[in-house]
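So this block is protein_12.cif, mmCIF, C-alpha atoms:
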data_model
#
loop_
_atom_site.label_atom_id
_atom_site.label_comp_id
_atom_site.auth_asym_id
_atom_site.auth_seq_id
_atom_site.Cartn_x
_atom_site.Cartn_y
_atom_site.Cartn_z
CA MET H 4 -25.95 57.56 27.17
CA ALA H 5 -27.69 54.28 27.99
CA ARG H 6 -27.90 53.44 24.27
CA SER H 7 -24.16 54.04 23.78
CA ASN H 8 -23.35 51.85 26.80
CA PHE H 9 -25.50 49.08 25.33
CA SER H 10 -23.63 49.31 22.01
CA VAL H 11 -20.27 49.09 23.75
CA LEU H 12 -21.38 46.06 25.76
CA THR H 13 -22.66 44.36 22.62
CA ILE H 14 -19.37 44.89 20.78
CA LEU H 15 -17.38 43.62 23.76
CA SER H 16 -19.53 40.50 24.03
CA VAL H 17 -19.04 39.71 20.35
CA ILE H 18 -15.27 40.22 20.64
CA LEU H 19 -15.10 37.93 23.66
CA LEU H 20 -17.13 35.31 21.82
CA LEU H 21 -14.90 35.22 18.74
CA PRO H 22 -12.19 32.99 20.28
CA VAL H 23 -14.88 30.47 21.26
CA LEU H 24 -16.42 30.44 17.80
CA SER H 25 -12.98 29.96 16.25
CA LEU H 26 -12.80 26.53 17.93
CA THR H 27 -15.65 25.14 15.90
CA PHE H 28 -15.16 22.23 13.52
CA SER H 29 -13.04 22.93 10.47
CA PRO H 30 -12.75 20.41 7.62
CA ASP H 31 -9.13 21.55 7.18
CA SER H 32 -8.26 20.72 10.81
CA PRO H 33 -10.78 18.16 12.08
CA SER H 34 -9.16 17.56 15.48
CA ASP H 35 -9.03 21.23 16.54
CA ARG H 36 -12.28 20.87 18.46
CA ARG H 37 -14.19 21.82 21.60
CA LEU H 38 -16.29 19.22 23.46
CA LEU H 39 -19.10 19.69 25.97
CA VAL H 40 -19.23 16.97 28.65
CA LEU H 41 -22.47 16.66 30.63
CA PHE H 42 -22.66 14.81 33.95
CA ASP H 43 -25.47 13.94 36.31
CA ASP H 44 -22.82 13.68 39.03
CA LEU H 45 -19.61 15.74 39.00
CA SER H 46 -17.73 12.90 40.72
CA LEU H 47 -17.58 11.23 37.28
CA LYS H 48 -15.01 13.85 36.29
CA SER H 49 -12.46 12.24 38.64
CA SER H 50 -13.66 8.63 38.43
CA HIS H 51 -13.37 8.73 34.61
CA SER H 52 -10.36 11.07 34.47
CA ILE H 53 -8.12 8.76 32.41
CA PHE H 54 -10.54 8.92 29.51
CA PHE H 55 -10.85 12.69 29.72
CA ASN H 56 -7.10 13.17 30.06
CA SER H 57 -6.55 11.09 26.93
CA LEU H 58 -8.84 13.47 25.03
CA LYS H 59 -7.01 16.51 26.40
CA SER H 60 -3.65 15.03 25.45
CA ARG H 61 -4.89 14.77 21.87
CA GLY H 62 -5.69 18.48 21.73
CA PHE H 63 -9.37 18.58 22.69
CA ASP H 64 -10.76 21.38 24.84
CA LEU H 65 -13.28 19.91 27.31
CA ASP H 66 -16.01 21.92 29.00
CA PHE H 67 -17.48 20.02 32.01
CA LYS H 68 -21.00 20.89 33.19
CA LEU H 69 -23.93 19.36 35.02
CA ALA H 70 -26.68 18.22 32.69
CA ASP H 71 -29.28 20.28 34.56
CA ASP H 72 -27.22 23.50 34.49
CA PRO H 73 -29.74 26.32 33.82
CA LYS H 74 -27.21 28.08 31.57
CA LEU H 75 -26.69 25.17 29.18
CA ALA H 76 -26.60 26.10 25.50
CA LEU H 77 -25.07 24.53 22.43
CA GLN H 78 -25.17 27.65 20.30
CA ARG H 79 -25.12 31.40 20.62
CA TYR H 80 -25.95 34.02 18.02
CA GLY H 81 -26.65 31.25 15.53
CA GLN H 82 -23.17 29.72 15.93
CA TYR H 83 -22.46 26.41 17.65
CA LEU H 84 -20.10 26.73 20.60
CA TYR H 85 -19.07 23.05 20.53
CA ASP H 86 -18.22 20.44 17.96
CA GLY H 87 -18.94 17.37 20.05
CA LEU H 88 -21.28 16.46 22.89
CA ILE H 89 -20.48 13.76 25.48
CA LEU H 90 -23.49 12.62 27.53
CA PHE H 91 -22.31 10.94 30.73
CA SER H 92 -25.62 11.71 32.41
CA PRO H 93 -27.76 8.56 32.06
CA SER H 94 -30.24 9.41 34.83
CA ILE H 95 -31.05 12.97 33.73
CA GLU H 96 -34.77 13.42 33.15
CA ARG H 97 -34.54 16.90 31.67
CA PHE H 98 -31.62 18.97 30.44
CA GLY H 99 -31.10 22.45 31.78
CA GLY H 100 -31.06 25.75 29.94
CA ALA H 101 -31.80 25.75 26.22
CA LEU H 102 -30.87 22.07 25.80
CA ASP H 103 -33.51 19.46 25.06
CA LEU H 104 -34.06 16.45 22.83
CA ALA H 105 -34.71 18.60 19.75
CA ALA H 106 -31.57 20.67 20.41
CA VAL H 107 -29.43 17.52 20.64
CA LEU H 108 -30.85 16.17 17.38
CA ASP H 109 -30.36 19.54 15.65
CA PHE H 110 -26.77 19.47 16.89
CA VAL H 111 -26.21 16.13 15.14
CA ASP H 112 -28.14 17.23 12.05
CA SER H 113 -25.71 20.16 11.80
CA GLY H 114 -22.80 17.73 11.41
CA HIS H 115 -21.56 17.54 15.00
CA ASP H 116 -20.61 14.44 16.96
CA LEU H 117 -22.34 12.73 19.88
CA PHE H 118 -21.07 10.35 22.59
CA ILE H 119 -23.72 8.59 24.73
CA ALA H 120 -23.01 6.36 27.73
CA ALA H 121 -25.95 4.94 29.70
CA ASP H 122 -26.42 2.44 32.51
CA SER H 123 -29.24 0.76 34.45
CA SER H 124 -30.48 4.19 35.58
CA ALA H 125 -31.02 5.39 32.00
CA SER H 126 -33.87 7.87 31.79
CA ASP H 127 -36.53 8.11 29.10
CA LEU H 128 -34.75 11.20 27.76
CA ILE H 129 -31.47 9.37 27.15
CA LYS H 130 -33.31 6.40 25.69
CA SER H 131 -35.21 8.75 23.36
CA VAL H 132 -31.96 10.29 22.12
CA ALA H 133 -30.60 6.80 21.44
CA THR H 134 -33.80 5.74 19.66
CA GLU H 135 -33.59 8.75 17.36
CA CYS H 136 -30.06 7.63 16.49
CA GLY H 137 -31.18 4.10 15.51
CA VAL H 138 -30.61 2.23 18.79
CA ASP H 139 -33.19 0.80 21.21
CA PHE H 140 -32.25 0.11 24.84
CA ASP H 141 -33.93 -2.73 26.73
CA GLU H 142 -37.26 -1.48 28.08
CA ASP H 143 -36.85 -3.39 31.36
CA PRO H 144 -35.23 -0.86 33.75
CA SER H 145 -33.84 -3.62 35.98
CA ALA H 146 -32.28 -5.69 33.19
CA LEU H 147 -28.53 -6.08 32.69
CA VAL H 148 -26.54 -8.04 30.16
CA ILE H 149 -25.80 -11.51 31.60
CA ASP H 150 -23.42 -14.04 30.09
CA HIS H 151 -22.68 -17.37 31.80
CA ARG H 152 -19.92 -18.24 29.33
CA SER H 153 -18.04 -15.02 28.53
CA TYR H 154 -17.99 -13.45 31.96
CA ALA H 155 -14.91 -12.05 33.68
CA VAL H 156 -13.54 -14.44 36.28
CA VAL H 157 -12.45 -11.69 38.68
CA GLY H 158 -15.08 -9.50 40.30
CA THR H 159 -18.17 -11.24 38.95
CA GLU H 160 -19.87 -11.43 42.35
CA GLY H 161 -21.66 -14.56 41.16
CA ASP H 162 -24.17 -12.89 38.83
CA HIS H 163 -22.06 -12.98 35.64
CA THR H 164 -22.96 -9.40 34.71
CA LEU H 165 -19.31 -8.35 34.36
CA ILE H 166 -18.68 -9.49 30.82
CA ALA H 167 -15.33 -9.99 29.08
CA ALA H 168 -16.28 -9.15 25.51
CA ASP H 169 -13.99 -9.64 22.52
CA ASP H 170 -16.36 -9.81 19.55
CA PHE H 171 -15.09 -6.65 17.81
CA ILE H 172 -15.99 -5.34 14.40
CA GLU H 173 -13.29 -6.10 11.85
CA SER H 174 -12.34 -2.60 10.76
CA ASP H 175 -8.96 -0.91 11.06
CA VAL H 176 -10.44 2.51 10.48
CA LEU H 177 -12.81 2.15 13.43
CA LEU H 178 -10.52 0.43 15.95
CA GLY H 179 -7.04 1.15 14.63
CA GLU H 180 -4.43 -1.07 13.04
CA ASN H 181 -3.16 -2.51 16.34
CA LYS H 182 -5.31 -5.47 17.34
CA ILE H 183 -7.00 -5.29 20.75
CA GLU H 184 -5.67 -8.40 22.46
CA ALA H 185 -7.32 -8.21 25.89
CA PRO H 186 -11.11 -8.51 26.31
CA VAL H 187 -13.14 -5.40 27.08
CA LEU H 188 -14.93 -5.39 30.42
CA PHE H 189 -18.59 -4.42 30.17
CA LYS H 190 -21.25 -4.09 32.82
CA GLY H 191 -24.46 -2.40 31.79
CA ILE H 192 -27.64 -2.57 29.79
CA ALA H 193 -28.24 -4.08 26.38
CA HIS H 194 -29.39 -2.38 23.25
CA SER H 195 -30.39 -3.54 19.79
CA LEU H 196 -30.11 -1.93 16.39
CA ASN H 197 -33.10 -0.59 14.54
CA ALA H 198 -33.45 -2.76 11.44
CA ALA H 199 -34.78 0.20 9.47
CA ASN H 200 -31.58 2.18 10.05
CA ASN H 201 -28.75 0.97 7.82
CA LEU H 202 -26.30 3.57 9.15
CA VAL H 203 -25.81 2.05 12.61
CA LEU H 204 -23.10 -0.57 13.20
CA LYS H 205 -22.19 -2.92 16.03
CA VAL H 206 -18.64 -2.28 17.18
CA LEU H 207 -18.71 -4.62 20.17
CA SER H 208 -21.24 -7.45 20.21
CA ALA H 209 -22.34 -9.81 22.98
CA SER H 210 -21.63 -13.54 22.67
CA PRO H 211 -24.34 -15.98 21.51
CA ALA H 212 -24.83 -17.07 25.14
CA ALA H 213 -25.66 -13.56 26.43
CA TYR H 214 -29.12 -12.32 27.33
CA SER H 215 -30.73 -9.29 28.95
CA ALA H 216 -32.58 -9.86 32.22
CA ASN H 217 -32.81 -8.91 35.88
CA PRO H 218 -29.88 -10.72 37.57
CA SER H 219 -31.58 -10.72 40.97
CA SER H 220 -34.73 -12.59 39.91
CA LYS H 221 -35.59 -15.80 38.10
CA LEU H 222 -36.72 -15.68 34.51
CA SER H 223 -40.48 -16.03 34.17
CA SER H 224 -40.48 -15.58 30.40
CA PRO H 225 -37.88 -15.65 27.61
CA PRO H 226 -35.76 -12.47 27.52
CA SER H 227 -36.51 -10.01 24.75
CA LEU H 228 -32.83 -9.56 23.80
CA THR H 229 -30.55 -12.56 23.44
CA GLY H 230 -27.31 -13.64 21.82
CA SER H 231 -25.46 -11.67 19.21
CA SER H 232 -28.51 -9.48 18.59
CA ILE H 233 -27.34 -7.64 21.71
CA SER H 234 -24.99 -4.80 20.92
CA LEU H 235 -22.71 -3.55 23.69
CA VAL H 236 -21.23 -0.62 21.77
CA SER H 237 -22.62 0.79 18.53
CA VAL H 238 -21.69 3.65 16.23
CA VAL H 239 -23.55 5.68 13.64
CA GLN H 240 -22.21 7.80 10.83
CA ALA H 241 -24.98 10.03 9.55
CA ARG H 242 -25.31 11.04 5.91
CA ASN H 243 -23.88 14.45 6.83
CA ASN H 244 -20.81 12.66 8.29
CA ALA H 245 -21.77 13.38 11.91
CA ARG H 246 -20.62 10.50 14.12
CA ILE H 247 -22.33 8.98 17.14
CA MET H 248 -21.23 6.37 19.68
CA ILE H 249 -23.76 4.66 21.97
CA THR H 250 -23.12 2.20 24.80
CA GLY H 251 -25.11 0.90 27.76
CA SER H 252 -22.14 0.95 30.15
CA LEU H 253 -20.92 4.14 31.77
CA ASP H 254 -18.38 2.02 33.66
CA LEU H 255 -16.79 1.16 30.32
CA PHE H 256 -14.82 4.41 30.71
CA SER H 257 -14.10 4.32 34.46
CA ASN H 258 -10.64 4.29 36.04
CA ARG H 259 -10.89 1.95 39.02
CA ILE H 260 -12.89 -0.94 37.64
CA PHE H 261 -11.71 -1.12 34.07
CA PHE H 262 -8.65 0.87 32.98
CA ARG H 263 -6.58 -0.45 35.88
CA SER H 264 -8.14 -3.90 36.17
CA SER H 265 -6.72 -7.25 35.13
CA VAL H 266 -9.06 -9.56 33.27
CA GLN H 267 -9.48 -13.26 32.59
CA LYS H 268 -12.29 -14.56 30.45
CA ALA H 269 -14.17 -17.60 31.72
CA GLY H 270 -12.97 -20.77 30.06
CA SER H 271 -9.69 -19.19 28.96
CA PRO H 272 -6.40 -19.98 30.70
CA LYS H 273 -4.88 -16.65 29.66
CA LYS H 274 -4.99 -13.75 32.10
CA TYR H 275 -4.29 -10.19 31.01
CA ASP H 276 -2.71 -7.64 33.32
CA LYS H 277 -4.95 -4.94 31.91
CA SER H 278 -8.32 -4.99 30.21
CA GLY H 279 -8.69 -3.80 26.64
CA ASN H 280 -10.98 -0.94 27.66
CA GLU H 281 -8.44 1.85 27.46
CA GLN H 282 -7.22 0.88 24.00
CA PHE H 283 -10.74 0.20 22.77
CA VAL H 284 -12.17 3.51 24.01
CA ALA H 285 -9.16 5.53 22.84
CA GLU H 286 -9.24 4.09 19.33
CA LEU H 287 -12.99 4.36 19.00
CA SER H 288 -13.02 7.95 20.25
CA LYS H 289 -10.44 8.83 17.60
CA TRP H 290 -12.91 7.70 14.98
CA VAL H 291 -15.92 9.38 16.57
CA PHE H 292 -14.13 12.73 16.79
CA HIS H 293 -12.76 12.53 13.23
CA GLU H 294 -9.13 11.87 14.07
CA ARG H 295 -9.32 8.89 11.75
CA GLY H 296 -11.39 8.00 8.71
CA HIS H 297 -11.99 11.63 7.75
CA LEU H 298 -11.54 12.22 4.00
CA LYS H 299 -11.46 15.32 1.86
CA ALA H 300 -11.38 15.63 -1.92
CA VAL H 301 -9.83 18.60 -3.67
CA ASN H 302 -8.69 19.74 -7.11
CA LEU H 303 -11.26 17.99 -9.27
CA ARG H 304 -9.97 18.54 -12.81
CA HIS H 305 -10.86 17.50 -16.34
CA ASN H 306 -9.50 18.39 -19.75
CA LYS H 307 -9.19 17.13 -23.29
CA ALA H 308 -6.46 14.56 -23.83
CA GLY H 309 -3.19 16.31 -24.60
CA GLU H 310 -4.36 19.65 -23.18
CA THR H 311 -4.16 21.24 -19.74
CA ASP H 312 -6.93 23.82 -19.72
CA GLU H 313 -10.45 22.90 -18.64
CA PRO H 314 -12.84 23.42 -21.59
CA ALA H 315 -16.26 25.07 -21.39
CA MET H 316 -17.81 22.06 -23.15
CA TYR H 317 -16.93 18.80 -24.81
CA ARG H 318 -17.87 17.37 -28.18
CA ILE H 319 -19.18 13.83 -28.53
CA LYS H 320 -16.39 11.26 -28.93
CA ASP H 321 -13.74 13.56 -27.44
CA ASP H 322 -10.98 11.87 -25.45
CA LEU H 323 -10.65 13.41 -21.98
CA ASP H 324 -8.60 13.08 -18.80
CA PHE H 325 -10.13 13.28 -15.31
CA SER H 326 -8.39 13.59 -11.94
CA VAL H 327 -9.14 14.34 -8.28
CA GLU H 328 -7.02 14.39 -5.12
CA ILE H 329 -8.19 12.59 -1.95
CA TYR H 330 -6.55 12.89 1.46
CA GLU H 331 -7.18 11.40 4.90
CA TRP H 332 -6.74 13.21 8.22
CA SER H 333 -4.18 11.36 10.38
CA GLY H 334 -4.88 13.30 13.57
CA LYS H 335 -2.11 15.82 12.88
CA SER H 336 -1.94 16.33 9.13
CA TRP H 337 -3.48 15.35 5.81
CA GLU H 338 -1.99 12.19 4.34
CA PRO H 339 -2.61 10.67 0.87
CA TYR H 340 -5.54 8.29 0.87
CA VAL H 341 -4.81 5.08 -1.02
CA ALA H 342 -7.65 2.84 -2.24
CA ASN H 343 -8.57 0.92 -5.37
CA ASP H 344 -12.35 1.37 -5.26
CA VAL H 345 -12.82 5.08 -6.07
CA GLN H 346 -14.95 5.56 -9.18
CA VAL H 347 -16.13 8.44 -11.36
CA GLN H 348 -19.41 8.59 -13.24
CA PHE H 349 -20.07 10.60 -16.39
CA TYR H 350 -23.69 11.14 -15.60
CA MET H 351 -26.85 12.41 -17.32
CA MET H 352 -30.01 10.96 -15.74
CA SER H 353 -27.99 7.74 -15.46
CA PRO H 354 -24.27 6.98 -15.74
CA TYR H 355 -23.09 6.68 -19.35
CA VAL H 356 -19.52 6.05 -18.24
CA LEU H 357 -18.37 4.42 -14.98
CA LYS H 358 -14.61 4.18 -14.49
CA THR H 359 -12.48 3.02 -11.56
CA LEU H 360 -9.77 5.59 -10.86
CA SER H 361 -6.08 4.71 -10.76
CA ASN H 362 -3.93 6.32 -8.06
CA ASP H 363 -0.28 7.28 -7.76
CA LYS H 364 -0.05 6.47 -4.00
CA LYS H 365 0.29 10.21 -3.38
CA GLY H 366 -3.38 11.08 -3.24
CA LEU H 367 -3.95 11.71 -6.97
CA TYR H 368 -6.68 9.65 -8.65
CA HIS H 369 -7.00 9.77 -12.43
CA THR H 370 -8.47 8.10 -15.50
CA SER H 371 -9.17 8.71 -19.19
CA PHE H 372 -12.20 7.88 -21.31
CA LYS H 373 -14.05 8.85 -24.45
CA VAL H 374 -17.12 11.08 -24.29
CA PRO H 375 -20.17 9.00 -25.26
CA ASP H 376 -21.99 9.60 -28.55
CA VAL H 377 -24.81 11.40 -26.74
CA TYR H 378 -25.10 15.14 -26.33
CA GLY H 379 -26.67 17.01 -23.42
CA VAL H 380 -25.70 18.34 -20.00
CA PHE H 381 -23.50 15.81 -18.15
CA GLN H 382 -21.88 15.70 -14.74
CA PHE H 383 -18.60 14.33 -13.51
CA LYS H 384 -19.73 12.66 -10.30
CA VAL H 385 -17.65 11.02 -7.57
CA GLU H 386 -19.70 9.25 -4.88
CA TYR H 387 -17.56 7.40 -2.38
CA ASN H 388 -19.00 5.50 0.58
CA ARG H 389 -16.78 3.10 2.48
CA LEU H 390 -17.28 1.59 5.92
CA GLY H 391 -15.84 3.88 8.58
CA TYR H 392 -14.85 6.72 6.26
CA THR H 393 -16.61 10.00 5.73
CA SER H 394 -18.61 9.92 2.52
CA LEU H 395 -17.51 11.99 -0.46
CA LEU H 396 -19.88 13.52 -2.97
CA LEU H 397 -18.42 15.72 -5.69
CA SER H 398 -19.93 16.78 -8.97
CA LYS H 399 -19.09 19.18 -11.76
CA GLN H 400 -21.42 19.98 -14.63
CA ILE H 401 -20.29 20.12 -18.24
CA PRO H 402 -22.27 20.31 -21.53
CA VAL H 403 -21.59 17.97 -24.44
CA ARG H 404 -22.43 19.12 -27.98
CA PRO H 405 -22.82 17.17 -31.22
CA PHE H 406 -20.59 17.60 -34.27
CA LYS H 407 -20.96 20.85 -36.15
CA HIS H 408 -21.96 20.50 -39.81
CA ASN H 409 -18.39 21.13 -40.95
CA GLU H 410 -16.84 18.69 -38.45
CA TYR H 411 -18.16 15.50 -39.97
CA GLU H 412 -15.84 13.45 -42.20
CA ARG H 413 -16.01 14.35 -45.88
CA PHE H 414 -16.61 10.75 -46.84
CA ILE H 415 -18.07 8.44 -44.25
CA THR H 416 -16.82 4.87 -44.51
CA ALA H 417 -20.17 3.43 -43.51
CA ALA H 418 -21.79 5.26 -46.45
CA PHE H 419 -19.55 3.77 -49.17
CA PRO H 420 -22.28 1.31 -50.34
CA TYR H 421 -24.62 4.26 -50.89
CA TYR H 422 -21.94 6.14 -52.76
CA GLY H 423 -21.41 3.09 -54.98
CA ALA H 424 -25.13 2.71 -55.60
CA SER H 425 -25.43 6.35 -56.69
CA PHE H 426 -22.52 6.17 -59.14
CA THR H 427 -23.75 2.80 -60.45
CA MET H 428 -27.18 4.29 -61.17
CA MET H 429 -25.64 7.25 -63.02
CA ALA H 430 -23.47 4.97 -65.11
CA GLY H 431 -26.44 2.72 -65.89
CA PHE H 432 -28.58 5.69 -66.92
CA PHE H 433 -25.80 6.95 -69.23
CA ILE H 434 -25.40 3.55 -70.89
CA PHE H 435 -29.17 3.11 -71.25
CA SER H 436 -29.53 6.58 -72.84
CA PHE H 437 -26.67 5.95 -75.23
CA VAL H 438 -28.06 2.60 -76.34
CA TYR H 439 -31.61 3.96 -76.66
CA LEU H 440 -30.58 6.95 -78.76
CA TYR H 441 -28.01 5.43 -81.08
CA HIS H 442 -28.94 1.77 -81.40
CA LYS H 443 -31.10 0.96 -84.44
#
Please rewrite the model in this file as structure tokens.
Amino acid sequence: MARSNFSVLTILSVILLLPVLSLTFSPDSPSDRRLLVLFDDLSLKSSHSIFFNSLKSRGFDLDFKLADDPKLALQRYGQYLYDGLILFSPSIERFGGALDLAAVLDFVDSGHDLFIAADSSASDLIKSVATECGVDFDEDPSALVIDHRSYAVVGTEGDHTLIAADDFIESDVLLGENKIEAPVLFKGIAHSLNAANNLVLKVLSASPAAYSANPSSKLSSPPSLTGSSISLVSVVQARNNARIMITGSLDLFSNRIFFRSSVQKAGSPKKYDKSGNEQFVAELSKWVFHERGHLKAVNLRHNKAGETDEPAMYRIKDDLDFSVEIYEWSGKSWEPYVANDVQVQFYMMSPYVLKTLSNDKKGLYHTSFKVPDVYGVFQFKVEYNRLGYTSLLLSKQIPVRPFKHNEYERFITAAFPYYGASFTMMAGFFIFSFVYLYHK
């Protein structure tokens, strides 16, 4: 009886879990996603509600929990329960439940997205997560970013730690096509990029006059982070297309100070009724959570010129046609991706053919070329890596054979001199024999 009850409970638990698992990331619908938001203080849920409401309005399902919740888990029965993790818990020293540093890194290694916001209370745990992602926060726990030239005129309190930053990365795919006119208000800690990590990018940089130091004490030595080497907001796109955003300002997302605050940059006569934070965060979050810049490639085809069926192999010097379809997720549907830098390689140990694909503005990329005069096992290979877009890697293997013995030309033009030499020798031998035998 007890065993049968256990079986029933197990089946019920699996059935109840299925709707949760169905929310996991799908390449065919990248924005149908479930996010786990971790706080070290639940009051952040209301103080940062505009940011969270913007995510909900775009179709995200948010699960709010304390970072030290003893029931925390990112996966169950080998399946991830969430597709993105938002860490708004800078002071947490240790996660609760089954969550730890290794679990967070495994989450990213599995292709899921990560959102990290820290502040001056950042713990070693949060700094370790950032370091593993290619970003190093200032080691001085009392240091803040200070800028005596690009500070916000209103609400500076005399220490110039409320910065009006407008040094954005020039990328429409990261920040949207609409230019962010108003400066972004930033108050927090500095971080720098790991030079050994070429996947991390500065999205919002500090001005050349900025530095990281304790605003309440005089400088006794030069600051370790200065100028444009200071990154205020950085992003990473891993090789598995997982996306990460890291910033040293939790207030960057707050309602009272930023989203509803006017801003005027020092030295500028222009005053904006609203800071650029809301637009900046909304556009950047669209990229982080794959609502923009997410590509997929389908229908890779190849065939001999003039035919439609895909052959089992090609012969050297065959003329062939190649095509592939590439689409970009717009947040609601797949739209044709239009670019002029997509290439295909005909590859065996190294590329023998490298062709730039033409496109019809409807997502179809195509080209034609002649199979090289080398036989072996080749691959059609499309490797596409462009700033801000998910990387594409497609390959299809195809053998190439030489001519059969009965496929060569009957008379080869290049061999005509040898043909002439042979007939000339026969004619000369006939004449010599005739003269030798009959001439007295």
ask   = For Pro93 (chain H), which residue out of H:Leu147, H:Met352, H:Ala125, H:Leu323 is the nearest one, using all atoms listed in the file?
value = H:Ala125
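Within a radius of 12 Å around (-17.1, 17.1, -31.1), the polymer residues are Lys307, Met316, Tyr317, Arg318, Ile319, Lys320, Asp321, Asp322, Leu323, Lys373, Val374, Pro375, Asp376, Val377, Tyr378, Pro402, Val403, Arg404, Pro405, Phe406, Lys407, His408, Asn409, Glu410, Tyr411 and Glu412 of chain H, counting all atoms listed in the file.
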Dump C-alpha atoms for the selected residues as a CSV table (one decimal), in the coordinates of the input?
chain,number,residue,atom,x,y,z
H,307,LYS,CA,-9.2,17.1,-23.3
H,316,MET,CA,-17.8,22.1,-23.2
H,317,TYR,CA,-16.9,18.8,-24.8
H,318,ARG,CA,-17.9,17.4,-28.2
H,319,ILE,CA,-19.2,13.8,-28.5
H,320,LYS,CA,-16.4,11.3,-28.9
H,321,ASP,CA,-13.7,13.6,-27.4
H,322,ASP,CA,-11.0,11.9,-25.4
H,323,LEU,CA,-10.6,13.4,-22.0
H,373,LYS,CA,-14.0,8.8,-24.4
H,374,VAL,CA,-17.1,11.1,-24.3
H,375,PRO,CA,-20.2,9.0,-25.3
H,376,ASP,CA,-22.0,9.6,-28.6
H,377,VAL,CA,-24.8,11.4,-26.7
H,378,TYR,CA,-25.1,15.1,-26.3
H,402,PRO,CA,-22.3,20.3,-21.5
H,403,VAL,CA,-21.6,18.0,-24.4
H,404,ARG,CA,-22.4,19.1,-28.0
H,405,PRO,CA,-22.8,17.2,-31.2
H,406,PHE,CA,-20.6,17.6,-34.3
H,407,LYS,CA,-21.0,20.8,-36.2
H,408,HIS,CA,-22.0,20.5,-39.8
H,409,ASN,CA,-18.4,21.1,-41.0
H,410,GLU,CA,-16.8,18.7,-38.4
H,411,TYR,CA,-18.2,15.5,-40.0
H,412,GLU,CA,-15.8,13.4,-42.2
task = Return as number ranges by chain the set of residues that the PyMOL selection byres ((chain H and resi 127-139) around 7) yields on the displayed structure.
result = H: 93, 96-97, 104, 125-126, 140-141, 194-197, 200, 203
task = Find the residue from H:Asn306, H:Ser271, H:Ser113, H:Asn181 that sits nearest to Arg152 (chain H); use all atoms listed in the file when measuring.
result = H:Ser271
request  = Quick one: apply the PyMOL selection byres ((chain H and resi 71-79) around 8) to the file and drop the selected residues here as an MDAnalysis selection string.
outcome  = chainID H and resid 43 68:70 80:85 95 97:102 106 110
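Take the PyMOL selection byres ((chain H and resi 207) around 9) and apply it to this file: it picks Ala168, Asp169, Asp170, Phe171, Ile172, Val187, Lys205, Val206, Ser208, Ala209, Ser234, Leu235, Val236 and Ser237 of chain H.
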Store the residues picked out above in a file with C-alpha atoms, as a JSON list (two decimals), in the frame of the given file.
[["chain", "number", "residue", "atom", "x", "y", "z"],
["H", 168, "ALA", "CA", -16.28, -9.15, 25.51],
["H", 169, "ASP", "CA", -13.99, -9.64, 22.52],
["H", 170, "ASP", "CA", -16.36, -9.81, 19.55],
["H", 171, "PHE", "CA", -15.09, -6.65, 17.81],
["H", 172, "ILE", "CA", -15.99, -5.34, 14.40],
["H", 187, "VAL", "CA", -13.14, -5.40, 27.08],
["H", 205, "LYS", "CA", -22.19, -2.92, 16.03],
["H", 206, "VAL", "CA", -18.64, -2.28, 17.18],
["H", 208, "SER", "CA", -21.24, -7.45, 20.21],
["H", 209, "ALA", "CA", -22.34, -9.81, 22.98],
["H", 234, "SER", "CA", -24.99, -4.80, 20.92],
["H", 235, "LEU", "CA", -22.71, -3.55, 23.69],
["H", 236, "VAL", "CA", -21.23, -0.62, 21.77],
["H", 237, "SER", "CA", -22.62, 0.79, 18.53]]
query = Can you list, as a ChimeraX atom specification, every protein, DNA or RNA residue that comes within 6 Å of Phe189 (chain H) when you count only C-alpha atoms, leaving out same-chain residues fewer than 3 positions away?
reply = /H:165-166,255
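Our summary of the geometry notes that CA of Ala300 (chain H) is positioned 18.1 Å from CA of Val176 (chain H).
For the residues H:His151, H:Lys364, H:Arg389, H:His293, ranking by smallest atom-to-atom distance to Phe63 (chain H) using all atoms listed in the file places H:His293 first.
Atom to atom, CA of Tyr214 (chain H) and CA of Gly230 (chain H) stand 5.9 Å apart.
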Closest atom pairs, residues of region 168-286 of chain H within 6 Å of region 119-123 of chain H, all atoms listed in the file, as JSON lines:
{"residue": "H:Gly191", "atom": "CA", "partner": "H:Asp122", "partner_atom": "CA", "distance": 5.3}
{"residue": "H:Ile192", "atom": "CA", "partner": "H:Asp122", "partner_atom": "CA", "distance": 5.8}
{"residue": "H:Ile249", "atom": "CA", "partner": "H:Ile119", "partner_atom": "CA", "distance": 4.8}
{"residue": "H:Thr250", "atom": "CA", "partner": "H:Ala120", "partner_atom": "CA", "distance": 5.1}
{"residue": "H:Gly251", "atom": "CA", "partner": "H:Ala121", "partner_atom": "CA", "distance": 4.6}
{"residue": "H:Ser252", "atom": "CA", "partner": "H:Asp122", "partner_atom": "CA", "distance": 5.1}
{"residue": "H:Leu253", "atom": "CA", "partner": "H:Ala120", "partner_atom": "CA", "distance": 5.1}
Using all atoms listed in the file, can you list as a CSV table (one decimal) with C-alpha atoms, in the coordinates of the input the residues within 9 Å of (-21.5, 12.5, 23.2)?
chain,number,residue,atom,x,y,z
H,38,LEU,CA,-16.3,19.2,23.5
H,39,LEU,CA,-19.1,19.7,26.0
H,40,VAL,CA,-19.2,17.0,28.6
H,41,LEU,CA,-22.5,16.7,30.6
H,87,GLY,CA,-18.9,17.4,20.0
H,88,LEU,CA,-21.3,16.5,22.9
H,89,ILE,CA,-20.5,13.8,25.5
H,90,LEU,CA,-23.5,12.6,27.5
H,91,PHE,CA,-22.3,10.9,30.7
H,116,ASP,CA,-20.6,14.4,17.0
H,117,LEU,CA,-22.3,12.7,19.9
H,118,PHE,CA,-21.1,10.4,22.6
H,119,ILE,CA,-23.7,8.6,24.7
H,120,ALA,CA,-23.0,6.4,27.7
H,247,ILE,CA,-22.3,9.0,17.1
H,248,MET,CA,-21.2,6.4,19.7
H,249,ILE,CA,-23.8,4.7,22.0
